[in-house]
>>> print(open('upload39.cif').read())   # mmCIF, C-alpha atoms; chains and numbers go by the auth columns
data_coords
loop_
_atom_site.group_PDB
_atom_site.id
_atom_site.type_symbol
_atom_site.label_atom_id
_atom_site.label_comp_id
_atom_site.label_asym_id
_atom_site.label_seq_id
_atom_site.Cartn_x
_atom_site.Cartn_y
_atom_site.Cartn_z
_atom_site.B_iso_or_equiv
_atom_site.auth_seq_id
_atom_site.auth_asym_id
ATOM 1 C CA MET A 1 12.376 -9.481 -8.966 0.00 1 A
ATOM 2 C CA PHE A 2 9.793 -11.095 -11.226 0.00 2 A
ATOM 3 C CA ASP A 3 7.420 -10.215 -14.033 0.00 3 A
ATOM 4 C CA PHE A 4 4.771 -12.631 -15.317 0.00 4 A
ATOM 5 C CA GLY A 5 2.480 -11.713 -18.187 0.00 5 A
ATOM 6 C CA THR A 6 1.631 -11.794 -21.843 0.00 6 A
ATOM 7 C CA GLY A 7 3.380 -8.663 -23.087 0.00 7 A
ATOM 8 C CA THR A 8 -0.004 -7.173 -24.000 0.00 8 A
ATOM 9 C CA GLY A 9 -1.087 -5.409 -20.810 0.00 9 A
ATOM 10 C CA ASP A 10 -1.852 -8.433 -18.621 0.00 10 A
ATOM 11 C CA TYR A 11 0.915 -8.762 -16.045 0.00 11 A
ATOM 12 C CA MET A 12 2.006 -8.887 -12.448 0.00 12 A
ATOM 13 C CA PHE A 13 5.418 -7.887 -11.207 0.00 13 A
ATOM 14 C CA LEU A 14 7.476 -7.249 -8.111 0.00 14 A
ATOM 15 C CA THR A 15 10.113 -4.564 -8.505 0.00 15 A
ATOM 16 C CA LEU A 16 12.745 -3.570 -5.989 0.00 16 A
ATOM 17 C CA ASN A 17 12.743 0.037 -7.107 0.00 17 A
ATOM 18 C CA ALA A 18 9.614 1.478 -8.699 0.00 18 A
ATOM 19 C CA GLY A 19 11.111 4.322 -10.739 0.00 19 A
ATOM 20 C CA GLY A 20 13.209 5.544 -7.838 0.00 20 A
ATOM 21 C CA GLY A 21 10.521 4.706 -5.304 0.00 21 A
ATOM 22 C CA PRO A 22 9.978 1.847 -2.915 0.00 22 A
ATOM 23 C CA ILE A 23 9.580 -1.874 -3.547 0.00 23 A
ATOM 24 C CA ARG A 24 6.264 -2.484 -5.360 0.00 24 A
ATOM 25 C CA PHE A 25 3.977 -5.320 -6.395 0.00 25 A
ATOM 26 C CA ALA A 26 1.473 -4.616 -9.168 0.00 26 A
ATOM 27 C CA ILE A 27 -1.087 -6.640 -11.102 0.00 27 A
ATOM 28 C CA THR A 28 -3.305 -5.599 -14.022 0.00 28 A
ATOM 29 C CA THR A 29 -5.341 -6.942 -16.906 0.00 29 A
ATOM 30 C CA THR A 30 -5.688 -3.536 -18.598 0.00 30 A
ATOM 31 C CA GLY A 31 -2.171 -2.092 -18.661 0.00 31 A
ATOM 32 C CA PRO A 32 -0.469 0.509 -16.467 0.00 32 A
ATOM 33 C CA GLY A 33 -3.576 2.654 -15.918 0.00 33 A
ATOM 34 C CA GLY A 34 -5.359 -0.290 -14.316 0.00 34 A
ATOM 35 C CA GLU A 35 -2.567 -1.469 -12.002 0.00 35 A
ATOM 36 C CA GLN A 36 -3.537 -2.550 -8.522 0.00 36 A
ATOM 37 C CA GLN A 37 -0.437 -1.902 -6.419 0.00 37 A
ATOM 38 C CA ILE A 38 1.045 -2.725 -3.057 0.00 38 A
ATOM 39 C CA ASN A 39 3.835 -0.308 -2.224 0.00 39 A
ATOM 40 C CA GLY A 40 6.434 -0.918 0.438 0.00 40 A
ATOM 41 C CA THR A 41 7.987 1.713 2.648 0.00 41 A
ATOM 42 C CA GLY A 42 11.469 1.705 1.167 0.00 42 A
ATOM 43 C CA GLU A 43 14.062 -0.251 -0.727 0.00 43 A
ATOM 44 C CA LEU A 44 15.752 -3.504 0.280 0.00 44 A
ATOM 45 C CA PRO A 45 19.065 -3.245 2.108 0.00 45 A
ATOM 46 C CA ILE A 46 22.064 -3.947 -0.102 0.00 46 A
ATOM 47 C CA ASN A 47 24.699 -6.652 0.397 0.00 47 A
ATOM 48 C CA THR A 48 22.483 -8.771 2.636 0.00 48 A
ATOM 49 C CA TRP A 49 19.892 -11.514 2.152 0.00 49 A
ATOM 50 C CA SER A 50 16.256 -10.416 2.281 0.00 50 A
ATOM 51 C CA HIS A 51 13.113 -12.515 2.244 0.00 51 A
ATOM 52 C CA VAL A 52 10.361 -10.912 0.130 0.00 52 A
ATOM 53 C CA ALA A 53 6.780 -12.205 -0.093 0.00 53 A
ATOM 54 C CA VAL A 54 3.431 -11.066 -1.469 0.00 54 A
ATOM 55 C CA THR A 55 0.088 -12.502 -0.409 0.00 55 A
ATOM 56 C CA LEU A 56 -3.356 -11.937 -1.890 0.00 56 A
ATOM 57 C CA SER A 57 -6.212 -13.023 0.374 0.00 57 A
ATOM 58 C CA GLY A 58 -9.727 -11.940 -0.525 0.00 58 A
ATOM 59 C CA THR A 59 -9.363 -8.276 -1.473 0.00 59 A
ATOM 60 C CA THR A 60 -6.305 -7.691 0.732 0.00 60 A
ATOM 61 C CA GLY A 61 -2.794 -7.787 -0.633 0.00 61 A
ATOM 62 C CA THR A 62 0.203 -7.639 1.696 0.00 62 A
ATOM 63 C CA LEU A 63 3.878 -7.137 0.899 0.00 63 A
ATOM 64 C CA TYR A 64 6.389 -8.540 3.396 0.00 64 A
ATOM 65 C CA ILE A 65 10.111 -7.995 3.854 0.00 65 A
ATOM 66 C CA ASN A 66 11.936 -10.316 6.236 0.00 66 A
ATOM 67 C CA GLY A 67 8.647 -11.433 7.769 0.00 67 A
ATOM 68 C CA ALA A 68 7.301 -7.934 8.480 0.00 68 A
ATOM 69 C CA ALA A 69 4.375 -6.437 6.577 0.00 69 A
ATOM 70 C CA VAL A 70 5.627 -3.286 4.830 0.00 70 A
ATOM 71 C CA GLY A 71 2.665 -2.546 2.561 0.00 71 A
ATOM 72 C CA THR A 72 -1.031 -3.393 2.316 0.00 72 A
ATOM 73 C CA ASN A 73 -3.791 -2.709 -0.183 0.00 73 A
ATOM 74 C CA ALA A 74 -7.321 -3.652 0.912 0.00 74 A
ATOM 75 C CA ASP A 75 -8.782 -3.043 -2.574 0.00 75 A
ATOM 76 C CA MET A 76 -7.126 -5.812 -4.601 0.00 76 A
ATOM 77 C CA THR A 77 -9.748 -7.331 -6.899 0.00 77 A
ATOM 78 C CA LEU A 78 -7.366 -9.113 -9.307 0.00 78 A
ATOM 79 C CA THR A 79 -5.610 -12.412 -8.710 0.00 79 A
ATOM 80 C CA PRO A 80 -2.891 -14.167 -10.717 0.00 80 A
ATOM 81 C CA ALA A 81 -5.605 -16.438 -12.164 0.00 81 A
ATOM 82 C CA ASP A 82 -7.150 -13.368 -13.826 0.00 82 A
ATOM 83 C CA LEU A 83 -4.059 -13.136 -16.045 0.00 83 A
ATOM 84 C CA GLY A 84 -4.889 -16.433 -17.731 0.00 84 A
ATOM 85 C CA ASP A 85 -2.050 -18.316 -19.410 0.00 85 A
ATOM 86 C CA THR A 86 1.049 -16.146 -19.293 0.00 86 A
ATOM 87 C CA THR A 87 3.761 -16.585 -21.890 0.00 87 A
ATOM 88 C CA GLN A 88 6.465 -14.219 -20.652 0.00 88 A
ATOM 89 C CA ASP A 89 7.372 -15.313 -17.141 0.00 89 A
ATOM 90 C CA TRP A 90 10.640 -14.033 -15.773 0.00 90 A
ATOM 91 C CA ILE A 91 12.493 -14.160 -12.480 0.00 91 A
ATOM 92 C CA GLY A 92 15.190 -11.512 -12.349 0.00 92 A
ATOM 93 C CA ARG A 93 14.017 -9.390 -15.259 0.00 93 A
ATOM 94 C CA SER A 94 11.107 -7.393 -16.568 0.00 94 A
ATOM 95 C CA GLN A 95 9.038 -7.676 -19.727 0.00 95 A
ATOM 96 C CA TYR A 96 9.652 -3.942 -20.188 0.00 96 A
ATOM 97 C CA PRO A 97 12.870 -3.494 -22.178 0.00 97 A
ATOM 98 C CA ALA A 98 14.031 -0.299 -20.447 0.00 98 A
ATOM 99 C CA ASP A 99 14.133 -1.978 -17.033 0.00 99 A
ATOM 100 C CA PRO A 100 17.482 -3.349 -15.867 0.00 100 A
ATOM 101 C CA TYR A 101 18.007 -6.985 -14.982 0.00 101 A
ATOM 102 C CA LEU A 102 17.984 -7.871 -11.285 0.00 102 A
ATOM 103 C CA ALA A 103 21.493 -7.385 -9.892 0.00 103 A
ATOM 104 C CA ALA A 104 21.096 -9.932 -7.104 0.00 104 A
ATOM 105 C CA THR A 105 21.056 -13.621 -6.337 0.00 105 A
ATOM 106 C CA VAL A 106 17.753 -15.472 -5.923 0.00 106 A
ATOM 107 C CA ASP A 107 17.962 -18.306 -3.406 0.00 107 A
ATOM 108 C CA ASP A 108 14.541 -19.792 -4.000 0.00 108 A
ATOM 109 C CA PHE A 109 11.198 -18.805 -5.519 0.00 109 A
ATOM 110 C CA GLN A 110 7.852 -20.211 -4.398 0.00 110 A
ATOM 111 C CA ILE A 111 4.312 -19.863 -5.753 0.00 111 A
ATOM 112 C CA TYR A 112 1.422 -21.107 -3.630 0.00 112 A
ATOM 113 C CA SER A 113 -2.201 -21.705 -4.646 0.00 113 A
ATOM 114 C CA SER A 114 -3.509 -19.821 -1.595 0.00 114 A
ATOM 115 C CA ALA A 115 -2.320 -16.981 0.600 0.00 115 A
ATOM 116 C CA LEU A 116 0.038 -17.847 3.421 0.00 116 A
ATOM 117 C CA THR A 117 -0.632 -16.429 6.882 0.00 117 A
ATOM 118 C CA ALA A 118 1.607 -13.840 8.506 0.00 118 A
ATOM 119 C CA ALA A 119 2.956 -16.615 10.769 0.00 119 A
ATOM 120 C CA GLN A 120 3.803 -18.796 7.759 0.00 120 A
ATOM 121 C CA ILE A 121 5.563 -15.870 6.059 0.00 121 A
ATOM 122 C CA GLY A 122 7.501 -15.277 9.295 0.00 122 A
ATOM 123 C CA ALA A 123 8.602 -18.925 9.399 0.00 123 A
ATOM 124 C CA LEU A 124 9.838 -18.732 5.805 0.00 124 A
ATOM 125 C CA ALA A 125 11.696 -15.500 6.568 0.00 125 A
ATOM 126 C CA ALA A 126 13.313 -17.257 9.539 0.00 126 A
ATOM 127 C CA GLY A 127 14.693 -19.942 7.229 0.00 127 A
ATOM 128 C CA GLN A 128 12.018 -22.632 6.971 0.00 128 A
ATOM 129 C CA PRO A 129 12.273 -24.107 3.451 0.00 129 A
ATOM 130 C CA GLY A 130 9.468 -23.135 1.094 0.00 130 A
ATOM 131 C CA ASP A 131 7.249 -25.706 -0.576 0.00 131 A
ATOM 132 C CA GLY A 132 5.168 -23.880 -3.169 0.00 132 A
ATOM 133 C CA ASP A 133 2.417 -26.101 -4.548 0.00 133 A
ATOM 134 C CA VAL A 134 2.119 -24.253 -7.883 0.00 134 A
ATOM 135 C CA ALA A 135 5.853 -23.835 -8.526 0.00 135 A
ATOM 136 C CA SER A 136 8.905 -24.286 -6.324 0.00 136 A
ATOM 137 C CA TYR A 137 12.389 -23.386 -7.485 0.00 137 A
ATOM 138 C CA LYS A 138 15.245 -24.024 -5.044 0.00 138 A
ATOM 139 C CA PHE A 139 18.019 -22.985 -7.460 0.00 139 A
ATOM 140 C CA ASP A 140 20.328 -25.566 -5.920 0.00 140 A
ATOM 141 C CA GLU A 141 21.183 -27.447 -9.111 0.00 141 A
ATOM 142 C CA ALA A 142 24.887 -28.272 -9.277 0.00 142 A
ATOM 143 C CA SER A 143 25.129 -27.536 -13.003 0.00 143 A
ATOM 144 C CA GLY A 144 23.144 -27.092 -16.176 0.00 144 A
ATOM 145 C CA ALA A 145 20.657 -24.549 -17.430 0.00 145 A
ATOM 146 C CA THR A 146 17.470 -25.989 -15.902 0.00 146 A
ATOM 147 C CA ALA A 147 15.847 -24.940 -12.641 0.00 147 A
ATOM 148 C CA ILE A 148 13.878 -27.943 -11.442 0.00 148 A
ATOM 149 C CA ASP A 149 10.323 -27.319 -10.244 0.00 149 A
ATOM 150 C CA SER A 150 10.072 -29.343 -7.041 0.00 150 A
ATOM 151 C CA SER A 151 6.313 -28.693 -6.633 0.00 151 A
ATOM 152 C CA GLY A 152 5.566 -31.825 -8.631 0.00 152 A
ATOM 153 C CA ASN A 153 3.896 -29.847 -11.438 0.00 153 A
ATOM 154 C CA GLY A 154 6.777 -30.181 -13.897 0.00 154 A
ATOM 155 C CA ARG A 155 7.182 -26.436 -14.518 0.00 155 A
ATOM 156 C CA ASN A 156 10.934 -26.630 -14.992 0.00 156 A
ATOM 157 C CA ALA A 157 12.558 -23.352 -16.020 0.00 157 A
ATOM 158 C CA THR A 158 15.539 -22.281 -18.095 0.00 158 A
ATOM 159 C CA ILE A 159 18.348 -20.508 -16.255 0.00 159 A
ATOM 160 C CA ILE A 160 20.033 -17.625 -18.037 0.00 160 A
ATOM 161 C CA SER A 161 22.944 -16.792 -15.760 0.00 161 A
ATOM 162 C CA THR A 162 24.658 -13.967 -17.588 0.00 162 A
ATOM 163 C CA PRO A 163 22.413 -12.085 -19.999 0.00 163 A
ATOM 164 C CA THR A 164 24.342 -9.919 -22.413 0.00 164 A
ATOM 165 C CA THR A 165 21.569 -7.956 -24.123 0.00 165 A
ATOM 166 C CA ARG A 166 17.920 -7.111 -23.710 0.00 166 A
ATOM 167 C CA PRO A 167 15.483 -9.156 -25.812 0.00 167 A
ATOM 168 C CA PRO A 168 14.522 -7.749 -29.222 0.00 168 A
ATOM 169 C CA TRP A 169 10.766 -7.594 -28.526 0.00 169 A
ATOM 170 C CA THR A 170 8.935 -4.613 -27.063 0.00 170 A
ATOM 171 C CA PRO A 171 5.841 -5.423 -25.008 0.00 171 A
ATOM 172 C CA THR A 172 3.105 -2.881 -24.448 0.00 172 A
ATOM 173 C CA ARG A 173 3.297 -1.460 -20.962 0.00 173 A
#
>>> encode(input="upload39.cif", output="structure tokens")
Amino acid sequence: MFDFGTGTGDYMFLTLNAGGGPIRFAITTTGPGGEQQINGTGELPINTWSHVAVTLSGTTGTLYINGAAVGTNADMTLTPADLGDTTQDWIGRSQYPADPYLAATVDDFQIYSSALTAAQIGALAAGQPGDGDVASYKFDEASGATAIDSSGNGRNATIISTPTTRPPWTPTR
């Protein structure tokens, strides 16, 4: 679903299918051997909308699907801030060239500066609009190739609707 990092071993990602396994969030500053993971209990249902969220609060990370916690890791010591400035930030694709692009539609994408509560995640899953204060993409632009960041931080993004090939670079992962 997303992959943010530098292409050099510092990254965090959320994948719908971790090598044939369940939905997974992972973050690391030392490459695959140092990943701190939150694994869900299965894959998302197909041909239906799903709300997916990850929270990191203290040392506890929680993965939610449709408002229900489906995975927890109480030993999360890394946060997105530990990644520093990331230069390869993708929604709908991975930094790793062998991974397929996301074959789905993203309705909106929110990043908050603090962990939301289970009740707040439930409200978002029930349809309350998100309002990420770090980045907030609604993907409701009528045309063009820019996703407007409505958080007020000016982190507008480029939309690539129909990728035809994988990028030529090969990050270390």
>>> atom_distance(input="upload39.cif", atom1="CA of Leu78 in chain A", atom2="CA of Thr28 in chain A")
7.1 Å
>>> residues_around(input="upload39.cif", residues="Thr41 in chain A", least_positions_apart="2", cutoff="9 Å", atoms="all atoms listed in the file", output="PDB file with C-alpha atoms, in the coordinates of the input")
ATOM      1  CA  GLY A  21      10.521   4.706  -5.304  1.00  0.00           C
ATOM      2  CA  PRO A  22       9.978   1.847  -2.915  1.00  0.00           C
ATOM      3  CA  ILE A  23       9.580  -1.874  -3.547  1.00  0.00           C
ATOM      4  CA  ASN A  39       3.835  -0.308  -2.224  1.00  0.00           C
ATOM      5  CA  GLU A  43      14.062  -0.251  -0.727  1.00  0.00           C
ATOM      6  CA  VAL A  70       5.627  -3.286   4.830  1.00  0.00           C
ATOM      7  CA  GLY A  71       2.665  -2.546   2.561  1.00  0.00           C
TER       8      GLY A  71
END
>>> atom_distance(input="upload39.cif", atom1="CA of Val54 in chain A", atom2="CA of Gln88 in chain A")
19.7 Å
>>> axis_aligned_box(input="upload39.cif", around="range 80-96 of chain A", padding_each_side="6 Å", output="AutoDock Vina command-line options")
--center_x 4.0 --center_y -11.1 --center_z -16.3 --size_x 34.3 --size_y 26.4 --size_z 23.2
>>> residues_around(input="upload39.cif", residues="Ser94 in chain A", least_positions_apart="4", cutoff="10 Å", atoms="only C-alpha atoms", output="PyMOL selection string")
chain A and resi 1-5+13-15+88-90+98-102+166
>>> closest_residue(input="upload39.cif", among="A:Thr72, A:Ala115, A:Ile121, A:Phe109", to="Ile148 in chain A", atoms="all atoms listed in the file")
A:Phe109
>>> closest_residue(input="upload39.cif", among="A:Gln110, A:Gln36, A:Ser151, A:Ser50", to="Ala68 in chain A", atoms="all atoms listed in the file")
A:Ser50
>>> atom_distance(input="upload39.cif", atom1="CA of Gly132 in chain A", atom2="CA of Gly31 in chain A")
27.7 Å
>>> closest_residue(input="upload39.cif", among="A:Ala157, A:Met12, A:Ala69, A:Ala74", to="Ala119 in chain A", atoms="only C-alpha atoms")
A:Ala69
>>> resolve_selection(input="upload39.cif", expression="the PyMOL selection byres ((chain A and resi 45) around 12)", output="list in words")
Leu16, Asn17, Pro22, Ile23, Gly42, Glu43, Leu44, Ile46, Asn47, Thr48, Trp49, Ser50, His51, Val52, Ile65, Asn66 and Ala104 of chain A
>>> resolve_selection(input="upload39.cif", expression="the PyMOL selection byres ((chain A and resi 85) around 10)", output="PyMOL selection string")
chain A and resi 4-6+10+80-84+86-88
>>> write_last_selection(input="upload39.cif", atoms="C-alpha atoms", output="PDB file, in the frame of the given file")
ATOM      1  CA  PHE A   4       4.771 -12.631 -15.317  1.00  0.00           C
ATOM      2  CA  GLY A   5       2.480 -11.713 -18.187  1.00  0.00           C
ATOM      3  CA  THR A   6       1.631 -11.794 -21.843  1.00  0.00           C
ATOM      4  CA  ASP A  10      -1.852  -8.433 -18.621  1.00  0.00           C
ATOM      5  CA  PRO A  80      -2.891 -14.167 -10.717  1.00  0.00           C
ATOM      6  CA  ALA A  81      -5.605 -16.438 -12.164  1.00  0.00           C
ATOM      7  CA  ASP A  82      -7.150 -13.368 -13.826  1.00  0.00           C
ATOM      8  CA  LEU A  83      -4.059 -13.136 -16.045  1.00  0.00           C
ATOM      9  CA  GLY A  84      -4.889 -16.433 -17.731  1.00  0.00           C
ATOM     10  CA  THR A  86       1.049 -16.146 -19.293  1.00  0.00           C
ATOM     11  CA  THR A  87       3.761 -16.585 -21.890  1.00  0.00           C
ATOM     12  CA  GLN A  88       6.465 -14.219 -20.652  1.00  0.00           C
TER      13      GLN A  88
END
>>> residues_around(input="upload39.cif", residues="Thr60 in chain A", least_positions_apart="2", cutoff="6 Å", atoms="all atoms listed in the file", output="list in words")
Leu56, Ser57, Gly58, Asn73, Ala74 and Met76 of chain A
>>> build_atoms(input="upload39.cif", residues="range 141-163 of chain A", atoms="N, CA, C and O atoms", output="short mmCIF file (atom, residue, chain, number, x, y, z; two decimals), keeping the file's coordinate frame")
data_model
loop_
_atom_site.label_atom_id
_atom_site.label_comp_id
_atom_site.auth_asym_id
_atom_site.auth_seq_id
_atom_site.Cartn_x
_atom_site.Cartn_y
_atom_site.Cartn_z
N GLU A 141 20.61 -26.52 -8.14
CA GLU A 141 21.18 -27.45 -9.11
C GLU A 141 22.70 -27.26 -9.17
O GLU A 141 23.19 -26.12 -9.11
N ALA A 142 23.42 -28.34 -9.25
CA ALA A 142 24.89 -28.27 -9.28
C ALA A 142 25.42 -27.76 -10.61
O ALA A 142 26.50 -27.17 -10.67
N SER A 143 24.68 -27.99 -11.69
CA SER A 143 25.13 -27.54 -13.00
C SER A 143 23.94 -27.56 -13.96
O SER A 143 22.86 -28.01 -13.61
N GLY A 144 24.18 -27.07 -15.15
CA GLY A 144 23.14 -27.09 -16.18
C GLY A 144 22.35 -25.80 -16.23
O GLY A 144 22.54 -24.90 -15.44
N ALA A 145 21.44 -25.75 -17.19
CA ALA A 145 20.66 -24.55 -17.43
C ALA A 145 19.18 -24.75 -17.12
O ALA A 145 18.33 -24.04 -17.63
N THR A 146 18.86 -25.73 -16.26
CA THR A 146 17.47 -25.99 -15.90
C THR A 146 17.27 -25.84 -14.41
O THR A 146 18.01 -26.42 -13.61
N ALA A 147 16.28 -25.04 -14.03
CA ALA A 147 15.85 -24.94 -12.64
C ALA A 147 14.70 -25.93 -12.49
O ALA A 147 13.67 -25.82 -13.17
N ILE A 148 14.88 -26.90 -11.63
CA ILE A 148 13.88 -27.94 -11.44
C ILE A 148 12.73 -27.43 -10.58
O ILE A 148 12.96 -26.85 -9.51
N ASP A 149 11.51 -27.66 -11.03
CA ASP A 149 10.32 -27.32 -10.24
C ASP A 149 10.05 -28.47 -9.30
O ASP A 149 9.65 -29.55 -9.72
N SER A 150 10.26 -28.26 -8.01
CA SER A 150 10.07 -29.34 -7.04
C SER A 150 8.65 -29.39 -6.47
O SER A 150 8.39 -30.13 -5.53
N SER A 151 7.71 -28.64 -7.09
CA SER A 151 6.31 -28.69 -6.63
C SER A 151 5.61 -29.96 -7.10
O SER A 151 4.53 -30.28 -6.61
N GLY A 152 6.21 -30.65 -8.06
CA GLY A 152 5.57 -31.82 -8.63
C GLY A 152 4.74 -31.51 -9.87
O GLY A 152 4.15 -32.40 -10.47
N ASN A 153 4.70 -30.25 -10.28
CA ASN A 153 3.90 -29.85 -11.44
C ASN A 153 4.68 -29.82 -12.74
O ASN A 153 4.11 -29.54 -13.79
N GLY A 154 5.98 -30.09 -12.68
CA GLY A 154 6.78 -30.18 -13.90
C GLY A 154 7.00 -28.86 -14.61
O GLY A 154 7.22 -28.85 -15.82
N ARG A 155 6.97 -27.75 -13.90
CA ARG A 155 7.18 -26.44 -14.52
C ARG A 155 8.66 -26.05 -14.45
O ARG A 155 9.02 -25.00 -13.92
N ASN A 156 9.51 -26.92 -14.98
CA ASN A 156 10.93 -26.63 -14.99
C ASN A 156 11.19 -25.35 -15.78
O ASN A 156 10.45 -25.01 -16.70
N ALA A 157 12.26 -24.65 -15.41
CA ALA A 157 12.56 -23.35 -16.02
C ALA A 157 13.97 -23.34 -16.58
O ALA A 157 14.82 -24.12 -16.15
N THR A 158 14.21 -22.45 -17.51
CA THR A 158 15.54 -22.28 -18.10
C THR A 158 16.28 -21.19 -17.34
O THR A 158 15.75 -20.10 -17.12
N ILE A 159 17.51 -21.47 -16.96
CA ILE A 159 18.35 -20.51 -16.26
C ILE A 159 19.22 -19.78 -17.27
O ILE A 159 19.89 -20.40 -18.09
N ILE A 160 19.17 -18.47 -17.22
CA ILE A 160 20.03 -17.62 -18.04
C ILE A 160 20.90 -16.86 -17.04
O ILE A 160 20.45 -15.88 -16.46
N SER A 161 22.11 -17.34 -16.83
CA SER A 161 22.94 -16.79 -15.76
C SER A 161 23.53 -15.43 -16.06
O SER A 161 23.59 -14.57 -15.20
N THR A 162 23.99 -15.21 -17.27
CA THR A 162 24.66 -13.97 -17.59
C THR A 162 24.09 -13.39 -18.88
O THR A 162 24.64 -13.59 -19.95
N PRO A 163 22.96 -12.68 -18.78
CA PRO A 163 22.41 -12.08 -20.00
C PRO A 163 23.35 -11.00 -20.52
O PRO A 163 23.98 -10.29 -19.74
#
